[in-house]
Amino acid sequence: MKNLFKSTISLFWLSITLMATTILWSIIENKLINGVIDFILILVMMVINWKANFKLMLKWLMFALFFGVTITIAFFIPRIEIGSNKANNSENNSQTETNIEPTGTGEIVVEGETGVLTNGSTWSYIGESARGGEAYLGDDKATATYEVTAKNAGKYNLYVKLSDDAMHMDGARSVTITVNTTQTLKYTHVSEDTQGWKWYKIGTATLKAGKNTIAFVKDESTGAAYVMDTFKLIPEN
Ligand SMILES: [Ca+2]
């Protein structure tokens, strides 16, 4: 009986760990429905585990609920704040979207995963996901910085390749883009299901010959991230 109790305790902790991990994962990946389903499934699993001892089951269930609610309050609720759709006052901005990959002579192609991440405390990374190599900026002021070498000085059209799932408010994935710290462009998020990746034209960036620094800065901490596979700079003329 004592051994049975011990193995029940182990199962309990396994369930708790699974529940916490899957819920956290679902929050990070913005898959809220998965989180809810996982939570219910694990509760069901726990009910089956403890069906022989309802009193014990209820006790652990209460604890599990407490644990789940604590995680929700601590991590989830602060993250569903509504992203505001800030006014776009940059004269260089001319945001449009396109389903076809833009190309042009002398284009500079930069992969999202080649950037350097700063201020990405919890909800940001630069690296691989199931979608491929990307920059994923969730935190307020999370920044992906890229060194871009241009052969010629001049005006370039900036295009970004992004992923969205239409699950979040407009503005939740917005970023501010700085070029050589002097120019500012803006990606203003409008929620949609991109069904994979989609290209957006952001506006005009003026590059100098040689090294340039381009930084993408998340506008605020929201329940959604700016997810960028690639960006391109195509000479205007
Ligand atoms: Ca990529």
# chains A, B, ... in the order shown; residues from 1 in each chain; ligands from 1
call {"tool": "residues_around", "arguments": {"residues": "stretch 115-132 of chain A", "least_positions_apart": "6", "cutoff": "8 Å", "atoms": "only C-alpha atoms", "output": "ChimeraX atom specification"}}
result
/A:28,138-147,225,229
call {"tool": "write_last_selection", "arguments": {"atoms": "C-alpha atoms", "output": "PDB file, in the first residue's frame"}}
result
ATOM      1  CA  ILE A  28       5.001  30.540 -25.917  1.00  0.00           C
ATOM      2  CA  GLY A 138       7.723  38.545 -28.053  1.00  0.00           C
ATOM      3  CA  ASP A 139       9.033  40.737 -25.248  1.00  0.00           C
ATOM      4  CA  ASP A 140       8.727  44.475 -24.970  1.00  0.00           C
ATOM      5  CA  LYS A 141      11.805  45.996 -26.693  1.00  0.00           C
ATOM      6  CA  ALA A 142      13.155  42.572 -27.731  1.00  0.00           C
ATOM      7  CA  THR A 143      15.569  43.442 -30.530  1.00  0.00           C
ATOM      8  CA  ALA A 144      16.988  41.509 -33.483  1.00  0.00           C
ATOM      9  CA  THR A 145      19.999  43.347 -34.907  1.00  0.00           C
ATOM     10  CA  TYR A 146      21.594  42.642 -38.295  1.00  0.00           C
ATOM     11  CA  GLU A 147      24.729  43.881 -39.967  1.00  0.00           C
ATOM     12  CA  ALA A 225       5.456  37.673 -31.383  1.00  0.00           C
ATOM     13  CA  ASP A 229      11.903  34.256 -41.591  1.00  0.00           C
TER      14      ASP A 229
END
call {"tool": "residues_around", "arguments": {"residues": "A:Leu185", "least_positions_apart": "4", "cutoff": "6 Å", "atoms": "only C-alpha atoms", "output": "list in words"}}
result
Asn93, Thr176 and Ile177 of chain A
call {"tool": "write_last_selection", "arguments": {"atoms": "N, CA and C atoms", "output": "mmCIF file, in the first residue's frame"}}
result
data_model
loop_
_atom_site.group_PDB
_atom_site.id
_atom_site.type_symbol
_atom_site.label_atom_id
_atom_site.label_comp_id
_atom_site.auth_asym_id
_atom_site.auth_seq_id
_atom_site.Cartn_x
_atom_site.Cartn_y
_atom_site.Cartn_z
ATOM 1 N N ASN A 93 7.527 55.121 -44.710
ATOM 2 C CA ASN A 93 6.723 53.914 -44.625
ATOM 3 C C ASN A 93 5.678 53.843 -45.726
ATOM 4 N N THR A 176 9.226 48.276 -34.491
ATOM 5 C CA THR A 176 9.830 49.477 -35.042
ATOM 6 C C THR A 176 11.186 49.063 -35.594
ATOM 7 N N ILE A 177 11.497 49.546 -36.782
ATOM 8 C CA ILE A 177 12.738 49.140 -37.451
ATOM 9 C C ILE A 177 13.643 50.362 -37.559
#
call {"tool": "closest_residue", "arguments": {"among": "A:Ile48, A:Leu32, A:Met228, A:Leu14", "to": "A:Glu134", "atoms": "only C-alpha atoms"}}
result
A:Met228
call {"tool": "residues_near_ligand", "arguments": {"ligand": "ligand 1", "cutoff": "6 Å", "atoms": "only C-alpha atoms and all ligand atoms", "output": "PDB file with C-alpha atoms, in the first residue's frame"}}
result
ATOM      1  CA  GLU A 111      17.902  35.449 -42.935  1.00  0.00           C
ATOM      2  CA  GLY A 112      16.062  36.207 -39.686  1.00  0.00           C
ATOM      3  CA  GLU A 113      18.115  33.617 -37.816  1.00  0.00           C
ATOM      4  CA  GLY A 133      15.218  29.575 -38.960  1.00  0.00           C
ATOM      5  CA  GLU A 134      13.617  32.766 -37.707  1.00  0.00           C
ATOM      6  CA  ASP A 229      11.903  34.256 -41.591  1.00  0.00           C
ATOM      7  CA  THR A 230      13.818  36.621 -43.877  1.00  0.00           C
TER       8      THR A 230
END
call {"tool": "select_by_dssp", "arguments": {"residues": "stretch 171-216 of chain A", "states": "strand (DSSP E or B)", "output": "ChimeraX atom specification"}}
result
/A:175-179,183-187,193-207,210-216
